[in-house]
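Chemist: The following block contains the structure, expressed as structure tokens.
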Amino acid sequence: MRRGCISLGEIKCDKCGNPIPYPDRYLAIDEKDGVEDDEGDTKRYCVECCLKKGYARYKDEKGERVLTFF
């Protein structure tokens with residue numbers, strides 16, 4: 001399951017290891033062997049890593065560029 005979250009400043013990305021500062025967004029997702037799976041462990045990814053893995057994308061909505069994890 002994917003959960004878009006807002007960092008409280010105490011979260012690190014599980015892929016790149018960089019801290020996710022307050023109030024940046026991040027994705028909490030259940031993965032098993034690098035693939036999304038409801039029975040897997042929860043991983044936390046920063047926006048940049050989400051974009052690289054294909055879990056996030058930008059879309060144009062009402063003339064604005066919006067980030068979506070879903």
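Each chain in the structure tokens gets a letter, A, B and so on, in the order shown; residues start at 1 in every chain, and ligands are counted from 1 in the order they appear.
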Apply DSSP to the structure's backbone, then extract all residues of chain A labelled alpha helix (DSSP H) and return them as a ChimeraX atom specification.
Modeler: /A:47-53
Chemist: Compile the contact shell of Phe69 in chain A as a list in words: residues with an atom at most 9 Å away, counting only C-alpha atoms, same-chain residues fewer than 4 positions apart removed.
Modeler: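 Those residues are Arg2, Arg3, Gly4, Tyr26, Leu27, Cys50, Tyr55, Ala56, Arg57 and Tyr58 of chain A.
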Chemist: Using the selection just defined, write its residues with N, CA, C and O atoms as a compact mmCIF listing (two decimals), in the first residue's frame.
Modeler:
```
# COMPACT_ATOMS: atom_id res chain seq x y z
N ARG A 2 0.53 2.22 -0.78
CA ARG A 2 1.28 3.48 -0.85
C ARG A 2 0.64 4.53 0.06
O ARG A 2 -0.58 4.66 0.11
N ARG A 3 1.51 5.24 0.78
CA ARG A 3 1.04 6.30 1.67
C ARG A 3 1.92 7.52 1.46
O ARG A 3 3.12 7.47 1.74
N GLY A 4 1.34 8.60 0.96
CA GLY A 4 2.06 9.86 0.83
C GLY A 4 2.11 10.53 2.19
O GLY A 4 1.09 10.69 2.83
N TYR A 26 7.31 12.50 1.37
CA TYR A 26 7.96 11.23 1.08
C TYR A 26 6.88 10.15 0.93
O TYR A 26 5.72 10.39 1.24
N LEU A 27 7.30 9.01 0.42
CA LEU A 27 6.37 7.91 0.20
C LEU A 27 6.73 6.76 1.13
O LEU A 27 7.89 6.34 1.20
N CYS A 50 11.55 8.28 -5.51
CA CYS A 50 10.23 7.85 -5.99
C CYS A 50 10.11 8.08 -7.49
O CYS A 50 9.59 7.22 -8.22
N TYR A 55 7.45 5.39 -8.79
CA TYR A 55 6.35 5.43 -7.82
C TYR A 55 5.67 6.79 -7.77
O TYR A 55 4.58 6.91 -7.20
N ALA A 56 6.28 7.82 -8.32
CA ALA A 56 5.71 9.16 -8.31
C ALA A 56 5.83 9.75 -9.71
O ALA A 56 6.67 9.32 -10.51
N ARG A 57 4.99 10.73 -9.98
CA ARG A 57 5.08 11.43 -11.25
C ARG A 57 4.45 12.81 -11.09
O ARG A 57 3.67 13.05 -10.17
N TYR A 58 4.82 13.69 -11.99
CA TYR A 58 4.21 15.00 -12.04
C TYR A 58 3.15 14.98 -13.13
O TYR A 58 3.32 14.38 -14.18
```
Chemist: Under the rule that only C-alpha atoms are counted, which of A:Cys49, A:Leu67, A:Val35, A:Ala28 is the nearest residue to Cys5 in chain A?
Modeler: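 Counting only C-alpha atoms, the residue closest to Cys5 in chain A is A:Ala28.
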Chemist: Rank nothing, just name the residue among A:Lys59, A:Lys53, A:Lys43, A:Lys32 nearest to Asp14 in chain A, using only C-alpha atoms.
Modeler: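 Closest residue, counting only C-alpha atoms: A:Lys43.
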Chemist: I'd like the neighbourhood of Glu39 in chain A as a list in words, where a residue qualifies if any of its atoms comes within 10 Å (using only C-alpha atoms), though same-chain residues fewer than 5 positions away should be ignored.
Modeler: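 In the requested format, the answer is Met1, Asp30, Glu31 and Lys32 of chain A.
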Chemist: Could you please take those selected residues and save all heavy atoms as a short mmCIF file (atom, residue, chain, number, x, y, z; two decimals), in the first residue's frame?
Modeler:
```cif
data_model
loop_
_atom_site.label_atom_id
_atom_site.label_comp_id
_atom_site.auth_asym_id
_atom_site.auth_seq_id
_atom_site.Cartn_x
_atom_site.Cartn_y
_atom_site.Cartn_z
N MET A 1 0.84 -1.16 0.00
CA MET A 1 0.00 0.00 0.00
C MET A 1 0.90 1.24 0.00
O MET A 1 1.88 1.30 0.72
CB MET A 1 -0.92 -0.01 1.21
CG MET A 1 -1.72 1.26 1.31
SD MET A 1 -3.10 1.30 2.47
CE MET A 1 -2.42 0.72 3.96
N ASP A 30 4.84 -0.50 1.06
CA ASP A 30 5.16 -1.87 1.46
C ASP A 30 5.78 -2.58 0.26
O ASP A 30 5.17 -2.67 -0.80
CB ASP A 30 3.89 -2.60 1.91
CG ASP A 30 3.28 -1.97 3.15
OD1 ASP A 30 4.04 -1.40 3.95
OD2 ASP A 30 2.06 -2.05 3.32
N GLU A 31 7.02 -3.07 0.45
CA GLU A 31 7.75 -3.73 -0.62
C GLU A 31 8.31 -5.06 -0.15
O GLU A 31 8.65 -5.23 1.01
CB GLU A 31 8.95 -2.89 -1.07
CG GLU A 31 8.65 -1.81 -2.04
CD GLU A 31 9.92 -1.18 -2.58
OE1 GLU A 31 11.00 -1.33 -1.98
OE2 GLU A 31 9.80 -0.51 -3.59
N LYS A 32 8.43 -5.98 -1.11
CA LYS A 32 9.06 -7.26 -0.86
C LYS A 32 9.97 -7.54 -2.05
O LYS A 32 9.50 -7.59 -3.18
CB LYS A 32 8.00 -8.36 -0.72
CG LYS A 32 8.52 -9.68 -0.25
CD LYS A 32 7.37 -10.63 -0.03
CE LYS A 32 7.83 -11.84 0.73
NZ LYS A 32 6.70 -12.74 1.00
#
```
Chemist: Please identify the strand (DSSP E) residues within range 9-43 of chain A (assignment by DSSP from backbone atoms) and present them as a ChimeraX atom specification.
Modeler: /A:11-12,19-20,25-32,35-36,41-43
